[in-house]
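> Below is one structure. I have some questions about it.
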Amino acid sequence: EKKIIIDCDPGHDDAMAIILAASGVSHLQIEAITTVAGNVGVEKNTRNALKICDLVGLRDVPVAMGADRPLIREPLEAAHVHGKSGLDGTGLPEKPVKRTVDTHAVDILIDKLMASDGDITLVPIGPLTNIAMAIRKEPLIVSKINEITLMGGGTYGNRTSVAEFNIYADAEAARIVFESGAPITIFGLDVTHQALASSDKLEELTVIDNLAATTVADMITFYSNAYKGNFAGAALHDPCPIAYLIDPSIFELRQVRADIETKGEFTYGMTVVDFKGATGKTLNARFATWLDQDRFWQLFLDALRSY
Ligand code: BDR
Ligand code: CA
């Protein structure tokens with residue numbers, strides 16, 4: 001069993017990442033779910049995380065609320081993608097049964113990592129505020145982190161021409177994380193846009209008859225609207241790092257140097273990836289370039305069938 005902490009801002013694709021991680025095809029042990037401001041405000045994101053825990057029966061996993069804003073910049077939301085609640089379009093009950101723990105997300109991250117044998121993988125799938133705050137509050141966690149397997153960045157953008165939402169939403173935090181020395185694996189737009197929920201995929205999903213699967217079908221239907229016109233379907237960004245941890249052989253990765261732009265007039269929030277070793281700087285990340293679409297979908301559908 002691999003131990004993970006999911007740091008998230010649910011968010012349709014965050015919700016799907018949690019559903020995949022908690023499914024019967026996963027050997028991942030979820031140590032905690034921490035939440036951060038991102039797609040919508042942190043309170044709404046937290047409520048959505050609790051709703052998903054209720055849905056998939058994550059009764060004992062602590063859910064801790066984290067930062068309500070980025071470190072320095074003004075908050076930025078993506079309600080145009082995920083709706084006002086952050087998780088519009090599902091029939092989930094309005095009020096979750098599960099409650100958060102009283103501890104702040106940053107302290108849960110620190111406590112879990114410091115008490116561990118260095119075997120916890122962090123899976124940030126929202127802005128990196130909580131992770132950066134935890135590193136600043138207790139720098140000793142860096143050597144305790146097995147790996148940071150994150151969704152963010154890419155060689156092109158979705159929020160600006162060069163910046164992806166999670167990085168752009170708190171670029172200063174992302175920079176702290178990328179320069180921390182912790183091993184990083186990046187699932188950016190280059191690879192997550194290969195995980196497209198096209199209409200034939202949605203059809204296969206619709207015949208699976210359980211509440212997790214029908215909820216995911218509703219989520220994809222809602223969330224696809226944001227992608228109409230631009231892409232061949234909704235991208236399942238956040239499930240990618242989880243799929244990788246379940247079955248790394250689905251992906252191809254390259255060792256790179258990746259830095260976060262925090263000053264550029266046109267490039268703020270860009271993930272600057274040195275593929276050719278031009279900078280001569282220490283390689284600090286692995287960058288996912290490709291995924292096997294058939295096997296990714298097989299895994300995702302099997303996960304939903306397991307409920
Ligand atoms: C990322 O931005 C958010 O809207 C999604 O949940 C995902 O984490 C994609 O750029
Ligand atoms: Ca997210």
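Naming scheme: A, B, ... for chains in displayed order of the structure tokens; residues 1 onward per chain; ligands 1 onward as shown.
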Do a neighbour search on range 277-281 of chain A at 10 Å with only C-alpha atoms, toss out local chain neighbours closer than 6 positions, and write the hits as a list in words.
Gln255, Val256, Arg257 and Ala258 of chain A
> Could you tell me, counting only C-alpha atoms and all ligand atoms, which protein and nucleic acid residues lie no more than 8 Å from ligand 1, written as a ChimeraX atom specification?
/A:8-14,38-39,78,81-82,125-127,151-153,158-159,164-166,188-189,237-238
> Please identify all polymer residues within 7 Å of Ala197 in chain A, counting only C-alpha atoms, omitting same-chain residues fewer than 2 positions from it, and present them as a PyMOL selection string.
chain A and resi 195+199+201-202+233-236
> Could you write out, as a PyMOL selection string, all the residues of range 27-268 of chain A that DSSP marks as strand (DSSP E)?
chain A and resi 28-35+63-65+120-124+145-151+184-187+196-197+234-235+251-260
> For the selection you just gave me, I'd like the residues written to a file as a short mmCIF file (atom, residue, chain, number, x, y, z; two decimals), in the first residue's frame, keeping C-alpha atoms.

data_model
loop_
_atom_site.label_atom_id
_atom_site.label_comp_id
_atom_site.auth_asym_id
_atom_site.auth_seq_id
_atom_site.Cartn_x
_atom_site.Cartn_y
_atom_site.Cartn_z
CA LEU A 28 -3.45 3.66 -2.20
CA GLN A 29 -3.96 4.40 1.43
CA ILE A 30 -5.38 7.90 1.82
CA GLU A 31 -3.83 9.33 4.99
CA ALA A 32 -5.66 12.65 4.77
CA ILE A 33 -7.47 14.96 2.41
CA THR A 34 -6.54 18.62 2.73
CA THR A 35 -8.32 21.46 0.98
CA VAL A 63 -10.40 16.02 5.99
CA ALA A 64 -8.69 19.27 7.00
CA MET A 65 -9.42 22.73 5.65
CA ILE A 120 4.03 9.47 2.22
CA THR A 121 3.45 10.82 -1.29
CA LEU A 122 1.76 14.21 -1.56
CA VAL A 123 -0.76 14.57 -4.37
CA PRO A 124 -1.54 18.28 -4.81
CA ILE A 145 8.31 13.62 1.49
CA ASN A 146 8.51 10.48 -0.62
CA GLU A 147 7.42 12.41 -3.70
CA ILE A 148 5.16 15.29 -4.72
CA THR A 149 3.03 13.95 -7.54
CA LEU A 150 1.09 16.97 -8.72
CA MET A 151 -1.35 18.18 -11.34
CA ILE A 184 8.43 16.30 -7.97
CA THR A 185 6.45 14.55 -10.69
CA ILE A 186 4.45 16.90 -12.90
CA PHE A 187 1.18 15.98 -14.58
CA LEU A 196 -10.21 13.38 -22.57
CA ALA A 197 -13.72 12.28 -21.69
CA ALA A 234 -13.39 17.43 -20.86
CA ALA A 235 -9.88 16.73 -19.63
CA PHE A 251 2.59 6.98 -18.46
CA GLU A 252 5.84 8.16 -20.01
CA LEU A 253 7.94 10.65 -18.09
CA ARG A 254 11.09 12.68 -18.68
CA GLN A 255 13.57 13.99 -16.18
CA VAL A 256 13.72 17.80 -16.43
CA ARG A 257 14.46 21.07 -14.73
CA ALA A 258 11.24 22.96 -14.10
CA ASP A 259 10.99 26.49 -12.71
CA ILE A 260 8.03 28.73 -12.00
#
> Could you tell me how far CA of Ala174 in chain A lies from CA of Leu128 in chain A, in Å and to one decimal?
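These two atoms are separated by 5.4 Å.
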> To test your reading of the structure, identify every residue in range 9-243 of chain A that backbone DSSP assigns to helix (DSSP H, G or I), and report it as a PyMOL selection string.
chain A and resi 12-21+42-56+79-82+105-115+129-137+139-144+165-169+171-178+189-192+199-206+211-227+239-243
> How far is it from CA of Ile141 in chain A to CA of Ala182 in chain A, in Å with one decimal?
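CA of Ile141 in chain A sits 9.2 Å away from CA of Ala182 in chain A.
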> With distances taken over only C-alpha atoms, which of A:Val56, A:Ile176, A:Ile72, A:Ile131 is nearest to Asn210 in chain A?
A:Val56
> Within 9 Å of Arg175 in chain A, counting only C-alpha atoms, which residues show up once you throw out same-chain ones fewer than 4 positions away? Write them as JSON, numbers by chain, please.
{"A": [128, 132, 167, 170, 171, 179, 180, 259, 260, 261, 262]}
> Please list as a list of chain:residue names every residue within 8 Å of range 213-230 of chain A, counting only C-alpha atoms and excluding residues in the same chain fewer than 6 positions away.
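In the requested format, the answer is A:His12, A:Met16, A:His80, A:Val81, A:His82, A:Leu87, A:Asp88, A:Gly89, A:Thr90, A:Gly91, A:Leu92, A:Ala197, A:Leu202, A:Leu205, A:Thr206, A:Leu304, A:Arg305, A:Tyr307.
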